[in-house]
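To start, the structure under review is shown below, and the notes come after it.
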Amino acid sequence: MDLKKNEHTDLVDRIIESPDFGRSKTYQNLLKYLVKGTMINDIPKETTIATEIFGKNSFNPAESTMVRVYLFNLRKKLNTYFENSGKKEEVILEIPKGSYKVAFTKRAEKGNEFLLEEENQTFKNYLIPLLIILLFSIALNLFFAFSNDEENDSNNTLNRNEIWKDILDSEIPATVMLGDMFIFLEYDEHLQKDRAIRDYNINSQEDFDAFIESNPEYDGKTENLTYNFLVRNSAYWIKSLTEVFISANKDFNIRVVSRLNPKDLHDNNLIVCGLLKNLGWFKNYFQQSKFSLLNANEMSLYVDSLGKDVVFGPSGNPDAFHKDYSFVAKYPGPNNNVILILGGFWDTGASQATKNFTDPKILEEITGELKKKFGEVPEFFEILFEVSGVDRTELNTKIVYLNELKN
């Protein structure tokens, strides 16, 4: 009988049964799988873990950080166990970063921490210079700490905000979906060359099929391309959201809406950024909404007090003074996950929606308005903002409508 193997198995059982580890079967299976691989010296690869544990037969590590996110959370669970329920364990189970091999190490004995008398004397000889260096280092660190104090406080405030907390604290992976623009190829007989066409009235494959059906003369002269365009402000959306996830030490994936995989919708918390006309499949959520998306540039809202629909849409010159609307909604996903939509008719509205929910000060004001109207921050909600300004800068924003959604 391999006593060492049994000891390790017993340790794994104690970890899994501990309340510090949680009840997730996925994490239990993942830990057992990694320990078993280590015991038989068959260390799994990332793709193997994705297949064996998560059932993803076509997994590409370059496109998804799912396995790394689960390993990151598993390491946190192990640390929590050995700091609490397992603080008296003689052997510590670790998964070193960058590896899927489990390490079993003994806790350092306190007796080893004492220095010999000769070492103590040598240490005393260097004590004063070390203290001087240490004090200088502390002063330098304090200087930088205070200079970044406001930014750190802002990040902490954002992480604690009720709207983001369930996404950032969740063990479910997060994915940012960017609304991309549909384009197609058209053969120009006059120029005798192909041209990539962006038609603002064609925003999906369904729109393209309807266009060909109503304009049969284009049949055979047009072709759907395998790639789409992103608006310029997509870079700003990614930058702002990246700062949110980094401040919470949480990994995330990036996709485009046109490449949405139904399994992604089921397995991820999704943050969807873009123009409302480019939401693709996510337009289905308006079926449960107080709002109706009428077309590419209009949405209606039934106002009970008025007894009629009110229509909202952008106006003015996007490169000069203009008005747009930001639409933000937090919907329940199909698998106890969350879908957060940050959109607008124009990129002005979409960018302001992203700013409103990534800027800690603005988000705190929005949170306060939700609490004022509903007594608390609803788990799910819809908010319409009016946005006005000049040339996409110096923007003013105000809340037009708040709506609580039931799960």
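Residues are named by chain letter and number: chains run A, B, ... in the order of the structure tokens, numbers start at 1 in each chain, and ligands are numbered from 1 in the order shown.
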
Problem set entry | Contacts of range 170-186 of chain A within 7 Å, only C-alpha atoms, excl. fewer than 5 positions in-chain, as a ChimeraX atom specification | /A:66,69,194-198,202-204,221-225,228-230,252-258,268-275,278-279

Please save N, CA and C atoms of the selected residues as a short mmCIF file (atom, residue, chain, number, x, y, z; two decimals), in the first residue's frame.
```
data_model
loop_
_atom_site.label_atom_id
_atom_site.label_comp_id
_atom_site.auth_asym_id
_atom_site.auth_seq_id
_atom_site.Cartn_x
_atom_site.Cartn_y
_atom_site.Cartn_z
N MET A 66 -10.78 30.26 -20.35
CA MET A 66 -11.67 29.58 -19.42
C MET A 66 -10.92 28.69 -18.43
N VAL A 69 -8.90 30.70 -15.98
CA VAL A 69 -9.76 31.36 -14.99
C VAL A 69 -10.15 30.38 -13.89
N ASP A 194 -14.50 44.02 -57.12
CA ASP A 194 -15.32 43.81 -55.93
C ASP A 194 -15.14 44.96 -54.95
N ARG A 195 -16.22 45.31 -54.25
CA ARG A 195 -16.16 46.35 -53.24
C ARG A 195 -16.81 45.83 -51.95
N ALA A 196 -16.21 46.17 -50.83
CA ALA A 196 -16.82 45.86 -49.53
C ALA A 196 -17.83 46.94 -49.22
N ILE A 197 -19.06 46.54 -48.93
CA ILE A 197 -20.17 47.48 -48.73
C ILE A 197 -20.64 47.43 -47.27
N ARG A 198 -20.78 48.62 -46.69
CA ARG A 198 -21.42 48.76 -45.39
C ARG A 198 -22.70 49.56 -45.59
N ILE A 202 -28.49 47.31 -43.23
CA ILE A 202 -28.23 45.87 -43.20
C ILE A 202 -27.27 45.59 -42.06
N ASN A 203 -27.79 45.00 -41.00
CA ASN A 203 -26.99 44.81 -39.79
C ASN A 203 -26.90 43.36 -39.34
N SER A 204 -27.36 42.43 -40.16
CA SER A 204 -27.29 41.02 -39.80
C SER A 204 -27.49 40.18 -41.05
N LYS A 221 -24.55 38.83 -57.42
CA LYS A 221 -23.56 39.90 -57.51
C LYS A 221 -23.04 40.31 -56.13
N THR A 222 -23.63 39.76 -55.11
CA THR A 222 -23.21 40.08 -53.74
C THR A 222 -22.85 38.80 -53.00
N GLU A 223 -22.04 38.96 -51.98
CA GLU A 223 -21.58 37.81 -51.21
C GLU A 223 -21.31 38.23 -49.77
N ASN A 224 -21.77 37.42 -48.84
CA ASN A 224 -21.54 37.69 -47.42
C ASN A 224 -20.07 37.40 -47.09
N LEU A 225 -19.41 38.33 -46.44
CA LEU A 225 -18.00 38.15 -46.07
C LEU A 225 -17.88 37.40 -44.75
N ASN A 228 -16.19 41.09 -40.19
CA ASN A 228 -16.99 42.29 -40.03
C ASN A 228 -16.12 43.44 -39.56
N PHE A 229 -16.71 44.62 -39.44
CA PHE A 229 -16.00 45.81 -38.99
C PHE A 229 -16.40 46.15 -37.56
N LEU A 230 -15.48 46.78 -36.84
CA LEU A 230 -15.77 47.32 -35.52
C LEU A 230 -15.67 48.85 -35.58
N PHE A 252 -10.89 37.79 -18.51
CA PHE A 252 -12.09 37.86 -19.33
C PHE A 252 -11.72 37.57 -20.78
N ASN A 253 -12.72 37.19 -21.56
CA ASN A 253 -12.54 36.92 -22.98
C ASN A 253 -13.16 38.06 -23.79
N ILE A 254 -12.80 38.13 -25.07
CA ILE A 254 -13.37 39.13 -25.97
C ILE A 254 -13.91 38.41 -27.21
N ARG A 255 -15.13 38.71 -27.59
CA ARG A 255 -15.76 38.15 -28.78
C ARG A 255 -16.46 39.27 -29.55
N VAL A 256 -16.91 38.96 -30.75
CA VAL A 256 -17.79 39.89 -31.47
C VAL A 256 -19.17 39.26 -31.53
N VAL A 257 -20.19 40.10 -31.54
CA VAL A 257 -21.57 39.62 -31.45
C VAL A 257 -21.92 38.69 -32.59
N SER A 258 -21.41 38.98 -33.80
CA SER A 258 -21.75 38.14 -34.95
C SER A 258 -21.20 36.72 -34.83
N ASN A 268 -21.19 31.95 -19.68
CA ASN A 268 -20.44 33.16 -19.33
C ASN A 268 -21.35 34.27 -18.82
N ASN A 269 -20.79 35.13 -17.97
CA ASN A 269 -21.38 36.43 -17.74
C ASN A 269 -20.94 37.31 -18.91
N LEU A 270 -21.90 37.97 -19.57
CA LEU A 270 -21.61 38.69 -20.80
C LEU A 270 -21.80 40.19 -20.62
N ILE A 271 -20.82 40.96 -21.08
CA ILE A 271 -20.93 42.42 -21.14
C ILE A 271 -20.94 42.77 -22.62
N VAL A 272 -22.08 43.27 -23.10
CA VAL A 272 -22.29 43.51 -24.52
C VAL A 272 -22.19 45.01 -24.79
N CYS A 273 -21.23 45.43 -25.62
CA CYS A 273 -21.00 46.85 -25.93
C CYS A 273 -21.21 47.09 -27.41
N GLY A 274 -21.93 48.17 -27.73
CA GLY A 274 -22.04 48.48 -29.14
C GLY A 274 -23.28 49.28 -29.48
N LEU A 275 -23.48 49.51 -30.78
CA LEU A 275 -24.67 50.19 -31.26
C LEU A 275 -25.86 49.24 -31.14
N ASN A 278 -26.59 46.81 -33.79
CA ASN A 278 -25.62 45.73 -33.98
C ASN A 278 -25.62 44.72 -32.84
N LEU A 279 -26.71 44.69 -32.07
CA LEU A 279 -26.78 43.75 -30.94
C LEU A 279 -27.02 42.32 -31.38
#
```

For this session: Could you please determine the separation between CA of Ser240 in chain A and CA of Lys355 in chain A in Å, to one decimal place?
Result: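 Value for the CA of Ser240 in chain A-CA of Lys355 in chain A distance: 7.4 Å.
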
For this session: Compare A:Thr47, A:Gln28, A:Thr38, A:Val12 by their minimum atom-to-atom distance to Phe82 in chain A, counting only C-alpha atoms, and give me the closest one.
Result: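 Counting only C-alpha atoms, the residue closest to Phe82 in chain A is A:Val12.
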
Exercise. Can you tell me, as a PyMOL selection string, what residues are no more than 12 Å from Pro96 in chain A when counting only C-alpha atoms, ignoring any on the same chain fewer than 5 positions away?
Worked result: chain A and resi 34+71-72+74-76+78-79+101-105

Keeping C-alpha atoms, export the residues of the selection given above as a PDB file, in the first residue's frame.
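What ended up in selection09.pdb:
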```pdb
ATOM      1  CA  LEU A  34      -5.056  17.355 -11.446  1.00  0.00           C
ATOM      2  CA  LEU A  71      -7.305  27.426 -12.202  1.00  0.00           C
ATOM      3  CA  PHE A  72      -6.985  30.970 -10.839  1.00  0.00           C
ATOM      4  CA  LEU A  74      -9.061  26.999  -7.687  1.00  0.00           C
ATOM      5  CA  ARG A  75      -5.797  28.404  -6.325  1.00  0.00           C
ATOM      6  CA  LYS A  76      -7.781  30.987  -4.351  1.00  0.00           C
ATOM      7  CA  LEU A  78      -6.902  26.243  -1.838  1.00  0.00           C
ATOM      8  CA  ASN A  79      -5.337  29.313  -0.212  1.00  0.00           C
ATOM      9  CA  LYS A 101       1.112  19.768 -11.796  1.00  0.00           C
ATOM     10  CA  VAL A 102       0.078  19.620  -8.148  1.00  0.00           C
ATOM     11  CA  ALA A 103       2.774  20.149  -5.491  1.00  0.00           C
ATOM     12  CA  PHE A 104       2.650  18.721  -1.952  1.00  0.00           C
ATOM     13  CA  THR A 105       4.983  20.605   0.409  1.00  0.00           C
TER      14      THR A 105
END
```

Problem set entry | Who sits within 9 Å of Asn335 in chain A, only C-alpha atoms, same chain under 6 positions skipped, as a ChimeraX atom specification | /A:265-268

For this session: Could you tell me which of A:Ile341, A:Val328, A:Leu363, A:Leu405 comes closest to Phe282 in chain A if we count only C-alpha atoms?
Result: A:Ile341

Can you list, as a short mmCIF file (atom, residue, chain, number, x, y, z; two decimals) with C-alpha atoms, in the first residue's frame, all residues belonging to range 160-201 of chain A that DSSP tags as alpha helix (DSSP H)?
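Once written, out27.cif looks like this:
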```cif
data_model
loop_
_atom_site.label_atom_id
_atom_site.label_comp_id
_atom_site.auth_asym_id
_atom_site.auth_seq_id
_atom_site.Cartn_x
_atom_site.Cartn_y
_atom_site.Cartn_z
CA ARG A 160 -17.77 46.81 -4.30
CA GLU A 162 -23.73 46.28 -6.35
CA ILE A 163 -24.05 46.38 -10.14
CA TRP A 164 -20.58 44.92 -10.81
CA LYS A 165 -20.09 42.79 -7.70
CA ASP A 166 -21.92 39.67 -8.88
CA ILE A 167 -19.96 39.72 -12.17
CA LEU A 168 -16.52 40.37 -10.67
#
```

Neighbours of Val35 in chain A within 12 Å (only C-alpha atoms; same-chain residues fewer than 4 positions away dropped), as a short mmCIF file (atom, residue, chain, number, x, y, z; two decimals) with C-alpha atoms, in the first residue's frame?
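File written: out_4.cif
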```cif
data_model
loop_
_atom_site.label_atom_id
_atom_site.label_comp_id
_atom_site.auth_asym_id
_atom_site.auth_seq_id
_atom_site.Cartn_x
_atom_site.Cartn_y
_atom_site.Cartn_z
CA LYS A 5 -0.63 8.31 -1.94
CA ASN A 6 -3.30 7.60 0.68
CA HIS A 8 -2.56 12.85 -0.34
CA THR A 9 -5.97 11.37 -1.19
CA ASP A 10 -7.18 11.97 2.38
CA LEU A 11 -5.95 15.57 2.17
CA VAL A 12 -7.88 16.13 -1.06
CA ASP A 13 -11.02 14.69 0.57
CA GLN A 28 -14.04 19.23 -7.05
CA ASN A 29 -13.61 17.26 -10.28
CA LEU A 30 -10.88 19.62 -11.49
CA LEU A 31 -8.85 19.23 -8.29
CA MET A 39 0.19 10.90 -8.97
CA ILE A 40 0.59 8.91 -12.20
CA ASN A 41 3.02 11.48 -13.65
CA ASP A 42 0.68 12.32 -16.53
CA ILE A 43 0.36 16.09 -16.30
CA PRO A 44 -2.59 17.26 -18.45
CA LEU A 93 -1.38 21.27 -1.61
CA GLU A 94 -0.42 23.89 -4.21
CA ILE A 95 -0.74 24.36 -7.95
CA TYR A 100 -1.03 21.96 -14.01
CA LYS A 101 1.11 19.77 -11.80
CA VAL A 102 0.08 19.62 -8.15
CA ALA A 103 2.77 20.15 -5.49
CA PHE A 104 2.65 18.72 -1.95
#
```

Problem set entry | Nearest to Asn407 in chain A, chosen from A:Asn215, A:Gln205, A:Asn337, A:Asn84, with only C-alpha atoms counted in the distances | A:Asn337

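Counting only C-alpha atoms and comparing A:Pro216, A:Gln287, A:Glu404, A:Gly37, the residue that lies closest to Gly375 in chain A is A:Glu404.
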
Exercise. Hey, which of A:Thr354, A:Ala329, A:Lys290, A:Ile383 ends up closest to Thr242 in chain A? Count only C-alpha atoms.
Worked result: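 Using only C-alpha atoms, the shortest distance to Thr242 in chain A belongs to A:Thr354.
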
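Using only C-alpha atoms for every distance, the candidate list A:Tyr27, A:Asp309, A:Val338, A:Asn161 yields A:Asn161 as the residue closest to Ile362 in chain A.
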
Taking 3 positions as the minimum chain separation for residues in the same chain, which residues sit within 9 Å of Asn57 in chain A when counting only C-alpha atoms? Answer as a PDB file with N, CA and C atoms, in the first residue's frame.
```
ATOM      1  N   THR A  47      -5.666  21.995 -23.177  1.00  0.00           N
ATOM      2  CA  THR A  47      -6.703  21.475 -24.066  1.00  0.00           C
ATOM      3  C   THR A  47      -7.309  20.189 -23.521  1.00  0.00           C
ATOM      4  N   THR A  48      -6.472  19.364 -22.863  1.00  0.00           N
ATOM      5  CA  THR A  48      -6.966  18.119 -22.280  1.00  0.00           C
ATOM      6  C   THR A  48      -7.933  18.412 -21.136  1.00  0.00           C
ATOM      7  N   ALA A  50      -9.745  21.087 -20.814  1.00  0.00           N
ATOM      8  CA  ALA A  50     -10.970  21.615 -21.410  1.00  0.00           C
ATOM      9  C   ALA A  50     -11.869  20.495 -21.910  1.00  0.00           C
ATOM     10  N   THR A  51     -11.248  19.444 -22.458  1.00  0.00           N
ATOM     11  CA  THR A  51     -12.028  18.319 -22.986  1.00  0.00           C
ATOM     12  C   THR A  51     -12.559  17.428 -21.876  1.00  0.00           C
ATOM     13  N   GLU A  52     -11.678  17.037 -20.937  1.00  0.00           N
ATOM     14  CA  GLU A  52     -12.034  16.057 -19.921  1.00  0.00           C
ATOM     15  C   GLU A  52     -12.957  16.630 -18.840  1.00  0.00           C
ATOM     16  N   PHE A  54     -14.486  20.052 -18.915  1.00  0.00           N
ATOM     17  CA  PHE A  54     -15.531  20.980 -19.346  1.00  0.00           C
ATOM     18  C   PHE A  54     -16.252  20.532 -20.618  1.00  0.00           C
TER      19      PHE A  54
END
```
